[in-house]
$ cat start.cif   # mmCIF, C-alpha atoms and all ligand atoms
data_model
#
loop_
_atom_site.label_atom_id
_atom_site.label_comp_id
_atom_site.auth_asym_id
_atom_site.auth_seq_id
_atom_site.Cartn_x
_atom_site.Cartn_y
_atom_site.Cartn_z
CA MET A 1 12.28 -28.05 100.54
CA ARG A 2 15.96 -28.26 101.28
CA VAL A 3 17.09 -24.88 102.55
CA MET A 4 20.54 -23.47 103.20
CA LEU A 5 20.83 -20.54 105.61
CA LEU A 6 23.95 -18.34 105.58
CA GLY A 7 25.10 -16.79 108.86
CA GLY A 8 25.59 -17.72 112.48
CA GLY A 9 24.34 -14.96 114.77
CA GLY A 10 21.22 -14.41 116.84
CA ARG A 11 19.37 -13.16 113.77
CA GLU A 12 20.13 -16.35 111.86
CA HIS A 13 19.16 -18.57 114.79
CA ALA A 14 15.78 -16.80 114.88
CA ILE A 15 15.38 -17.14 111.09
CA GLY A 16 16.35 -20.84 111.19
CA TRP A 17 14.03 -21.49 114.14
CA LYS A 18 11.13 -19.93 112.25
CA LEU A 19 11.94 -21.62 108.92
CA ALA A 20 12.17 -25.01 110.64
CA GLN A 21 8.51 -24.70 111.70
CA SER A 22 7.41 -24.75 108.07
CA GLU A 23 5.57 -27.77 106.71
CA LEU A 24 7.51 -27.27 103.48
CA MET A 25 10.86 -27.80 105.20
CA THR A 26 12.58 -31.12 104.65
CA GLU A 27 16.11 -30.14 105.64
CA LEU A 28 17.74 -26.99 106.98
CA ILE A 29 21.49 -26.63 106.55
CA SER A 30 23.14 -23.62 108.21
CA THR A 31 26.60 -22.35 107.52
CA PRO A 32 28.57 -21.45 109.60
CA GLY A 33 25.59 -21.86 111.94
CA ASN A 34 25.82 -21.90 115.72
CA PRO A 35 24.84 -24.25 118.58
CA GLY A 36 21.27 -22.94 118.49
CA LEU A 37 20.95 -23.62 114.76
CA ALA A 38 22.36 -27.10 115.37
CA GLU A 39 19.18 -27.79 117.37
CA VAL A 40 16.94 -27.08 114.36
CA GLY A 41 18.98 -28.52 111.50
CA ALA A 42 22.39 -29.48 110.19
CA VAL A 43 25.37 -27.14 110.57
CA VAL A 44 28.30 -26.91 108.17
CA PRO A 45 31.10 -24.80 109.60
CA GLY A 46 34.26 -23.73 107.85
CA ILE A 47 33.31 -22.13 104.55
CA ASP A 48 33.78 -18.47 103.74
CA ILE A 49 30.19 -17.33 103.23
CA THR A 50 31.36 -14.19 101.42
CA ASP A 51 32.98 -16.36 98.72
CA PRO A 52 30.29 -16.84 96.03
CA GLU A 53 31.98 -19.92 94.55
CA ALA A 54 32.30 -21.63 97.94
CA VAL A 55 28.64 -20.97 98.71
CA LEU A 56 27.58 -22.19 95.27
CA SER A 57 29.59 -25.41 95.65
CA LEU A 58 28.03 -26.14 99.02
CA ALA A 59 24.54 -25.42 97.69
CA VAL A 60 25.09 -27.74 94.73
CA ALA A 61 26.62 -30.48 96.88
CA ASN A 62 23.57 -30.39 99.17
CA ALA A 63 21.04 -30.09 96.35
CA VAL A 64 19.32 -27.20 98.07
CA ASP A 65 16.13 -25.65 96.72
CA LEU A 66 16.54 -22.24 98.35
CA VAL A 67 19.38 -20.29 99.93
CA VAL A 68 18.47 -17.67 102.55
CA ILE A 69 21.14 -15.10 103.33
CA GLY A 70 21.22 -13.58 106.84
CA PRO A 71 24.02 -10.98 106.93
CA GLU A 72 24.93 -8.17 104.52
CA ALA A 73 28.50 -9.14 103.61
CA PRO A 74 27.62 -12.16 101.39
CA LEU A 75 24.96 -10.06 99.65
CA ALA A 76 27.41 -7.25 98.87
CA ALA A 77 29.94 -9.86 97.72
CA GLY A 78 27.58 -11.18 95.05
CA VAL A 79 26.61 -14.54 96.57
CA VAL A 80 23.05 -14.23 95.25
CA ASP A 81 24.32 -13.35 91.76
CA ALA A 82 26.38 -16.56 91.67
CA LEU A 83 23.52 -18.73 92.96
CA VAL A 84 20.82 -17.31 90.69
CA ASP A 85 23.13 -17.45 87.64
CA ALA A 86 23.57 -21.16 88.41
CA GLY A 87 19.79 -21.65 88.64
CA ILE A 88 19.55 -21.91 92.44
CA ALA A 89 16.82 -19.86 94.10
CA ALA A 90 18.07 -17.40 96.69
CA TYR A 91 16.34 -14.96 99.01
CA GLY A 92 18.37 -11.77 99.34
CA PRO A 93 19.23 -9.02 96.87
CA HIS A 94 21.88 -9.24 94.17
CA ALA A 95 25.05 -7.23 94.80
CA ALA A 96 23.56 -4.32 92.85
CA GLY A 97 20.60 -4.19 95.25
CA ALA A 98 22.79 -4.71 98.32
CA ARG A 99 24.47 -1.38 97.45
CA LEU A 100 21.54 0.20 99.30
CA GLU A 101 23.44 -0.80 102.42
CA ALA A 102 26.98 -1.11 101.05
CA SER A 103 27.06 2.49 99.82
CA LYS A 104 25.41 5.26 101.83
CA ALA A 105 25.96 7.58 98.84
CA TYR A 106 24.07 5.20 96.52
CA ALA A 107 21.28 4.81 99.07
CA LYS A 108 20.94 8.60 99.27
CA ASP A 109 20.86 8.82 95.47
CA VAL A 110 18.10 6.19 95.25
CA MET A 111 16.11 7.95 97.99
CA ARG A 112 16.43 11.29 96.21
CA ARG A 113 15.27 9.85 92.89
CA ALA A 114 12.45 7.90 94.57
CA GLY A 115 11.27 10.92 96.57
CA VAL A 116 11.77 9.04 99.85
CA PRO A 117 11.77 11.37 102.89
CA THR A 118 15.31 11.54 104.32
CA GLY A 119 17.81 14.10 105.61
CA ASP A 120 19.81 16.21 103.15
CA ALA A 121 23.21 14.75 102.43
CA HIS A 122 26.42 15.74 100.68
CA THR A 123 28.96 13.27 99.37
CA PHE A 124 32.71 14.00 99.35
CA HIS A 125 35.75 12.16 97.99
CA SER A 126 38.43 14.44 99.41
CA LEU A 127 39.15 16.29 102.63
CA ASP A 128 39.12 20.02 101.79
CA PRO A 129 35.59 20.31 100.37
CA ALA A 130 34.23 18.19 103.23
CA VAL A 131 35.94 20.37 105.84
CA ALA A 132 34.77 23.55 104.11
CA TYR A 133 31.22 22.20 104.10
CA LEU A 134 31.36 21.31 107.80
CA GLU A 135 32.58 24.85 108.53
CA SER A 136 29.57 26.26 106.69
CA ILE A 137 26.92 24.42 108.74
CA ASP A 138 25.90 24.22 112.39
CA GLY A 139 26.13 21.08 114.49
CA PRO A 140 25.32 18.46 115.47
CA TYR A 141 27.30 16.95 112.62
CA VAL A 142 26.58 13.53 111.11
CA VAL A 143 29.51 12.00 109.24
CA LYS A 144 29.23 8.55 107.65
CA ALA A 145 31.79 6.33 105.95
CA ASP A 146 30.31 5.29 102.62
CA GLY A 147 30.57 1.50 102.72
CA LEU A 148 29.97 -1.48 104.98
CA ALA A 149 31.61 -0.65 108.28
CA ALA A 150 29.81 -3.09 110.59
CA GLY A 151 27.92 -0.24 112.26
CA LYS A 152 31.15 1.59 113.14
CA GLY A 153 31.21 4.10 110.27
CA VAL A 154 28.85 6.76 111.67
CA LEU A 155 29.79 9.66 113.95
CA VAL A 156 27.17 12.03 115.35
CA THR A 157 28.81 14.90 117.26
CA GLU A 158 28.39 18.52 118.36
CA ASP A 159 32.15 18.99 118.01
CA ARG A 160 33.17 20.23 114.56
CA ILE A 161 36.83 19.36 115.12
CA ALA A 162 35.83 15.78 115.95
CA ALA A 163 33.62 15.71 112.84
CA GLU A 164 36.56 16.86 110.68
CA ALA A 165 38.80 14.27 112.29
CA TRP A 166 36.19 11.61 111.45
CA VAL A 167 36.11 12.74 107.82
CA ARG A 168 39.90 12.26 107.78
CA VAL A 169 39.62 8.80 109.39
CA CYS A 170 37.04 7.75 106.78
CA LEU A 171 38.96 9.12 103.81
CA GLU A 172 42.26 7.63 105.02
CA GLY A 173 40.74 4.23 104.45
CA HIS A 174 40.31 2.99 108.02
CA PHE A 175 37.21 1.22 106.78
CA GLY A 176 38.99 -0.27 103.78
CA GLU A 177 37.12 0.40 100.58
CA ALA A 178 34.34 1.73 102.73
CA GLY A 179 36.38 4.85 103.32
CA SER A 180 36.96 6.26 99.87
CA THR A 181 33.79 8.34 100.09
CA VAL A 182 32.27 10.17 103.01
CA VAL A 183 28.71 11.40 103.44
CA VAL A 184 27.84 14.40 105.61
CA GLU A 185 24.19 14.30 106.51
CA GLU A 186 21.67 16.68 108.01
CA HIS A 187 21.16 15.93 111.70
CA LEU A 188 17.67 14.61 112.42
CA ASP A 189 15.99 14.74 115.82
CA GLY A 190 13.41 12.35 117.18
CA GLN A 191 12.67 8.79 118.23
CA GLU A 192 14.02 5.95 116.12
CA VAL A 193 12.14 2.88 114.96
CA SER A 194 13.05 0.02 112.63
CA VAL A 195 10.60 -0.85 109.86
CA LEU A 196 11.38 -3.91 107.75
CA ALA A 197 9.76 -5.42 104.70
CA LEU A 198 9.85 -8.59 102.64
CA CYS A 199 10.25 -7.74 98.94
CA ASP A 200 9.81 -9.71 95.73
CA GLY A 201 11.14 -7.10 93.30
CA GLU A 202 7.84 -5.25 92.91
CA ARG A 203 5.81 -5.82 96.03
CA ALA A 204 6.76 -5.14 99.66
CA LEU A 205 5.05 -6.67 102.69
CA VAL A 206 5.88 -4.66 105.78
CA LEU A 207 6.67 -6.38 109.07
CA GLU A 208 5.60 -5.02 112.45
CA PRO A 209 8.01 -2.28 113.60
CA ALA A 210 10.53 -2.87 116.39
CA ARG A 211 12.70 -0.58 118.50
CA ASP A 212 16.29 -1.48 119.29
CA TYR A 213 18.87 -0.20 121.76
CA LYS A 214 22.33 0.43 120.33
CA ARG A 215 24.28 1.87 123.26
CA LEU A 216 26.00 -0.44 125.73
CA LEU A 217 24.70 0.98 128.99
CA ASP A 218 21.40 1.80 130.70
CA GLY A 219 20.06 5.21 129.79
CA SER A 220 21.50 4.81 126.27
CA ILE A 221 24.99 5.95 127.16
CA GLY A 222 28.39 4.36 126.48
CA PRO A 223 29.73 3.01 123.20
CA ASN A 224 27.65 1.91 120.23
CA THR A 225 27.14 -1.83 119.88
CA GLY A 226 25.55 -4.22 117.43
CA GLY A 227 22.41 -3.98 119.58
CA MET A 228 21.72 -4.62 123.27
CA GLY A 229 18.02 -5.34 123.10
CA CYS A 230 14.79 -4.76 121.27
CA TYR A 231 11.02 -4.87 121.59
CA SER A 232 7.91 -5.14 119.45
CA PRO A 233 5.17 -3.96 119.12
CA VAL A 234 6.08 -0.30 119.40
CA THR A 235 2.94 1.60 120.41
CA ASP A 236 4.08 5.24 120.50
CA LEU A 237 4.20 5.52 116.71
CA PRO A 238 2.41 8.01 114.47
CA ALA A 239 -0.91 6.71 113.14
CA ARG A 240 -0.52 4.65 109.95
CA LEU A 241 3.28 4.65 110.09
CA VAL A 242 3.44 1.20 108.51
CA ASP A 243 1.27 2.32 105.61
CA PHE A 244 3.35 5.51 105.23
CA VAL A 245 6.58 3.50 105.07
CA LEU A 246 5.03 1.11 102.54
CA ARG A 247 3.76 3.88 100.22
CA GLU A 248 6.47 6.53 100.70
CA VAL A 249 9.57 4.42 101.29
CA MET A 250 9.37 0.77 100.25
CA GLU A 251 7.31 0.97 97.05
CA PRO A 252 9.08 3.99 95.49
CA THR A 253 12.46 2.49 96.41
CA LEU A 254 11.61 -0.81 94.69
CA ALA A 255 10.33 1.09 91.64
CA THR A 256 13.51 3.20 91.43
CA LEU A 257 15.67 0.09 91.78
CA GLN A 258 13.67 -1.44 88.90
CA GLU A 259 14.64 1.61 86.83
CA ASP A 260 18.26 0.79 87.71
CA GLY A 261 17.66 -2.73 86.42
CA VAL A 262 17.51 -4.24 89.90
CA SER A 263 14.72 -6.61 90.90
CA TYR A 264 15.17 -6.39 94.68
CA ARG A 265 14.14 -9.70 96.23
CA GLY A 266 15.06 -9.70 99.87
CA PHE A 267 14.49 -7.96 103.15
CA LEU A 268 14.61 -4.18 103.09
CA PHE A 269 15.22 -2.53 106.45
CA ALA A 270 14.49 1.16 106.90
CA GLY A 271 15.95 2.78 110.00
CA MET A 272 13.40 5.58 110.54
CA MET A 273 13.68 8.80 112.54
CA LEU A 274 10.31 10.16 113.65
CA THR A 275 11.01 13.88 113.24
CA ALA A 276 8.71 16.85 113.83
CA ASP A 277 8.48 17.08 110.00
CA GLY A 278 7.36 13.46 109.69
CA PRO A 279 9.12 10.11 109.47
CA LYS A 280 12.45 10.14 107.60
CA VAL A 281 14.83 7.36 106.59
CA LEU A 282 18.19 7.33 108.41
CA GLU A 283 19.57 4.32 106.59
CA PHE A 284 18.70 1.30 104.54
CA ASN A 285 19.93 -2.20 105.30
CA CYS A 286 19.56 -5.01 102.80
CA ARG A 287 18.79 -7.73 105.37
CA LEU A 288 16.91 -8.24 108.61
CA GLY A 289 18.09 -6.46 111.74
CA ASP A 290 19.85 -8.10 114.66
CA PRO A 291 18.20 -7.97 117.26
CA GLU A 292 14.97 -6.82 115.51
CA THR A 293 14.51 -10.29 113.96
CA GLN A 294 14.53 -11.95 117.37
CA VAL A 295 11.39 -10.05 118.46
CA ILE A 296 9.62 -9.83 115.09
CA LEU A 297 9.72 -13.49 114.05
CA PRO A 298 8.17 -14.92 117.25
CA ARG A 299 5.25 -12.56 116.54
CA LEU A 300 4.90 -13.40 112.83
CA ASP A 301 1.86 -15.61 112.22
CA GLU A 302 2.98 -16.91 108.83
CA ASP A 303 4.93 -19.73 107.23
CA LEU A 304 8.22 -17.88 106.71
CA LEU A 305 9.62 -20.43 104.28
CA GLU A 306 6.55 -20.20 102.06
CA LEU A 307 6.92 -16.41 101.99
CA LEU A 308 10.66 -16.38 101.27
CA ALA A 309 10.32 -18.97 98.51
CA ALA A 310 7.49 -16.93 96.98
CA ALA A 311 9.52 -13.70 97.19
CA ALA A 312 12.59 -15.35 95.64
CA ALA A 313 10.35 -16.41 92.74
CA GLY A 314 8.92 -12.89 92.41
CA GLY A 315 5.42 -13.72 93.67
CA LEU A 316 4.58 -12.55 97.19
CA PRO A 317 0.87 -12.74 98.08
CA ASP A 318 -1.17 -9.55 97.69
CA ARG A 319 -2.25 -9.18 101.33
CA PRO A 320 -0.79 -7.78 104.55
CA LEU A 321 1.26 -10.08 106.78
CA ARG A 322 -0.47 -11.63 109.80
CA PHE A 323 0.96 -11.07 113.27
CA LYS A 324 0.09 -12.70 116.59
CA ASP A 325 -1.39 -10.54 119.30
CA LEU A 326 1.81 -11.06 121.26
CA ALA A 327 4.55 -8.81 122.61
CA ALA A 328 8.23 -9.75 122.56
CA VAL A 329 11.23 -8.28 124.40
CA ASP A 330 14.82 -9.28 123.66
CA VAL A 331 17.56 -8.75 126.25
CA VAL A 332 21.02 -9.38 124.81
CA LEU A 333 23.53 -10.97 127.17
CA THR A 334 27.04 -9.81 126.27
CA ALA A 335 30.52 -10.81 127.33
CA ALA A 336 32.72 -8.75 129.66
CA GLY A 337 34.75 -6.30 127.59
CA TYR A 338 32.15 -6.05 124.81
CA PRO A 339 32.20 -4.23 122.40
CA GLU A 340 35.96 -3.53 122.26
CA ASN A 341 37.48 -6.69 123.58
CA PRO A 342 35.01 -9.40 124.59
CA LEU A 343 36.14 -12.11 126.94
CA ARG A 344 35.64 -15.55 125.40
CA GLY A 345 35.54 -18.97 126.94
CA SER A 346 33.29 -18.47 129.99
CA ALA A 347 31.18 -21.51 130.90
CA ILE A 348 27.45 -20.82 130.40
CA ALA A 349 24.82 -22.37 132.69
CA GLY A 350 21.05 -22.20 132.87
CA VAL A 351 20.07 -22.15 129.19
CA GLY A 352 18.39 -25.57 129.27
CA SER A 353 16.01 -24.79 132.12
CA VAL A 354 15.14 -21.38 130.69
CA GLN A 355 14.30 -22.95 127.33
CA GLU A 356 11.68 -25.13 129.00
CA ARG A 357 9.54 -22.03 129.50
CA ASP A 358 6.87 -21.52 126.82
CA ASP A 359 7.19 -17.77 127.12
CA VAL A 360 10.97 -17.59 126.53
CA HIS A 361 13.11 -18.18 123.44
CA VAL A 362 16.89 -18.24 123.66
CA PHE A 363 18.67 -17.36 120.42
CA HIS A 364 22.40 -18.04 120.30
CA ALA A 365 24.79 -15.40 119.01
CA GLY A 366 28.30 -16.06 120.37
CA THR A 367 28.37 -19.53 121.93
CA ARG A 368 30.24 -22.74 121.30
CA TYR A 369 30.06 -26.28 122.63
CA THR A 370 33.16 -27.91 124.08
CA ALA A 371 33.58 -31.29 125.76
CA ASN A 372 32.80 -29.50 129.03
CA GLY A 373 29.62 -27.81 127.84
CA MET A 374 28.62 -24.49 126.37
CA ILE A 375 31.01 -21.53 126.51
CA SER A 376 30.86 -17.91 125.40
CA ASP A 377 32.55 -17.30 122.06
CA GLY A 378 31.72 -13.76 120.99
CA GLY A 379 30.70 -10.30 122.12
CA ARG A 380 26.97 -10.79 121.99
CA VAL A 381 26.51 -14.21 123.56
CA LEU A 382 22.78 -14.95 123.85
CA ASN A 383 19.48 -13.26 123.07
CA VAL A 384 16.88 -13.89 125.72
CA VAL A 385 13.43 -13.18 124.29
CA GLY A 386 10.41 -13.04 126.57
CA THR A 387 6.91 -13.10 125.12
CA GLY A 388 3.51 -12.32 126.58
CA PRO A 389 0.18 -10.59 126.03
CA ASP A 390 1.78 -7.19 126.62
CA ILE A 391 5.24 -5.64 126.82
CA ALA A 392 5.31 -5.62 130.64
CA THR A 393 4.69 -9.39 130.81
CA ALA A 394 7.14 -10.12 128.00
CA ARG A 395 9.74 -7.91 129.68
CA ALA A 396 9.34 -9.66 133.04
CA ALA A 397 9.81 -13.06 131.36
CA ALA A 398 12.92 -11.87 129.49
CA TYR A 399 14.55 -10.46 132.61
CA GLU A 400 13.74 -13.52 134.75
CA ALA A 401 15.40 -15.67 132.12
CA ALA A 402 18.33 -13.25 131.69
CA GLU A 403 19.03 -13.56 135.41
CA ALA A 404 18.70 -17.35 135.40
CA ILE A 405 21.41 -17.75 132.74
CA THR A 406 24.88 -17.33 134.19
CA PHE A 407 28.41 -16.91 132.86
CA GLU A 408 31.46 -15.03 134.09
CA GLY A 409 31.38 -11.37 133.09
CA LYS A 410 27.77 -11.46 131.82
CA GLN A 411 26.51 -7.94 131.15
CA TYR A 412 23.18 -6.67 129.93
CA ARG A 413 21.07 -3.55 129.98
CA THR A 414 18.32 -3.46 132.60
CA ASP A 415 16.19 -0.87 130.81
CA ILE A 416 15.16 -2.66 127.60
CA ALA A 417 11.50 -1.81 126.88
CA LYS A 418 11.27 0.02 130.20
CA GLY A 419 8.31 2.38 130.08
CA ALA A 420 7.08 0.89 126.80
CA GLN A 421 3.40 -0.03 126.75
P1 LIG B 1 23.12 4.46 110.52
O1 LIG B 1 24.08 3.31 110.52
O2 LIG B 1 23.22 5.34 109.31
O3 LIG B 1 21.71 4.11 110.88
O4 LIG B 1 23.55 5.32 111.77
C1 LIG B 1 23.67 4.73 113.04
C2 LIG B 1 22.98 5.58 114.08
O5 LIG B 1 23.47 6.94 114.01
C3 LIG B 1 21.48 5.72 113.86
O6 LIG B 1 20.78 4.65 114.44
C4 LIG B 1 21.20 7.03 114.55
O7 LIG B 1 21.09 6.86 115.95
C5 LIG B 1 22.42 7.85 114.26
N1 LIG B 1 22.21 8.66 113.06
C6 LIG B 1 22.46 8.31 111.79
N2 LIG B 1 22.12 9.29 110.92
C7 LIG B 1 21.64 10.30 111.67
C8 LIG B 1 21.11 11.59 111.37
N3 LIG B 1 21.02 12.05 110.11
N4 LIG B 1 20.69 12.36 112.40
C9 LIG B 1 20.77 11.92 113.67
N5 LIG B 1 21.26 10.71 114.02
C10 LIG B 1 21.69 9.91 113.05
#

$ encode --input "start.cif" --output "structure tokens"
Amino acid sequence: MRVMLLGGGGREHAIGWKLAQSELMTELISTPGNPGLAEVGAVVPGIDITDPEAVLSLAVANAVDLVVIGPEAPLAAGVVDALVDAGIAAYGPHAAGARLEASKAYAKDVMRRAGVPTGDAHTFHSLDPAVAYLESIDGPYVVKADGLAAGKGVLVTEDRIAAEAWVRVCLEGHFGEAGSTVVVEEHLDGQEVSVLALCDGERALVLEPARDYKRLLDGSIGPNTGGMGCYSPVTDLPARLVDFVLREVMEPTLATLQEDGVSYRGFLFAGMMLTADGPKVLEFNCRLGDPETQVILPRLDEDLLELLAAAAAGGLPDRPLRFKDLAAVDVVLTAAGYPENPLRGSAIAGVGSVQERDDVHVFHAGTRYTANGMISDGGRVLNVVGTGPDIATARAAAYEAAEAITFEGKQYRTDIAKGAQ
């Protein structure tokens, strides 16, 4: 099969790396890709992947059999609608399905109708009712911009004045269209875990859970980031969590989307909070997580291309997914100044020798090749994934490799998977 992969981050490098192992693969074309993806296939830079017509033209020109979409923005922009209308198979939801991520209010509405366990939420379109509501409840307050805000639209705070100010920021349109609606949500307490599934419209196959680290600094303090690290398996989970998420979250959500006329074929990501009242959904994403993908795919004992092609055609197999008895820990190496103002252009050394290890995978996120070698070119620069029979061994491999790779201003958390079994 000729496959086109949209995206160019660490998640997409991991997806491309896994797809390229398939016996069905004849050619992988990534756009915009990255230097890591260039090692497993062709890379076509320079098109706007949120422009459905541009993506369609490239797919037609390359006679691709399947398009796999990594990030959320092309999905929300209707790239899959354009491809499928033109008769090209695509794995990822149509724009109507991608609203699960692109509108927190819609996601809440689907969850309510589907009976999915989640926190109470109230949606507002103007300031006064939102402020009055905040005054009527106790903190901590959870205020979310409605639309895609690249992870920056959520404020969780004890401070009501700050919560009101955030409502104002959201409604004033600081997130573009994302800001016209604001959602105030019940605060949930507990440990978080990411549970992701492959969906074919009717059936969901759940992947092994992973736990990510969003804050910049050790001890989970400092600003929120795209993700500083991740590990899988997660052992301190309630018994049968995966089955619970399948029966109580994924299947009813797919059925409710069907009622809305949406056949959801793509990854569905449930950010779960393990509360004293049971697991509850914090958010839905309509794609794989970054960095969750980088620890889940090395563990997946399946032909990913076969699965995605089957899901795109509406026919996933009726059996659970197979996973290797392997642990994986991802340490994200970021640039100085990340997340606000990452320093670009630092020369990177040590990747080649680290990649020779069987127990380490390096997934590129923000790198670029110049005549003088590889340089940093983004906030999150590299994902260093260690694998092993248990988390402790995988963690040791990841940190040895993280130390062996050098670039000016390199920063990373030293407590990823610390204490995990
Ligand atoms: P979201 O993008 O909706 O997942 O929110 C980002 C982060 O904010 C989550 O990973 C949680 O850490 C936190 N968060 C979101 N919603 C809630 C909530 N209802 N209660 C507590 N924390 C939350």

$ atom_distance --input "start.cif" --atom1 "atom CA of Lys152 of chain A" --atom2 "atom O1 of ligand LIG 1 (chain B)"
7.7 Å

$ axis_aligned_box --input "start.cif" --around "segment 195-208 of chain A" --padding-each-side "6 Å" --output "lines of an AutoDock Vina configuration file"
center_x = 8.2
center_y = -5.3
center_z = 102.7
size_x = 18.3
size_y = 20.9
size_z = 31.5

$ residues_near_ligand --input "start.cif" --ligand "ligand LIG 1 (chain B)" --cutoff "6 Å" --atoms "only C-alpha atoms and all ligand atoms" --output "PyMOL selection string"
chain A and resi 119+142+151+154+185-189+271+282-283

$ closest_residue --input "start.cif" --among "A:Ala121, A:Ala163, A:Leu326, A:Leu28" --to "Leu5 of chain A" --atoms "all atoms listed in the file"
A:Leu28

$ atom_distance --input "start.cif" --atom1 "atom CA of Leu333 of chain A" --atom2 "atom CA of Leu148 of chain A"
25.0 Å

$ residues_around --input "start.cif" --residues "Ala270 of chain A" --least-positions-apart "6" --cutoff "7 Å" --atoms "only C-alpha atoms" --output "ChimeraX atom specification"
/A:194-196,281,283-285

$ atom_distance --input "start.cif" --atom1 "atom CA of Trp166 of chain A" --atom2 "atom CA of Ser103 of chain A"
17.4 Å
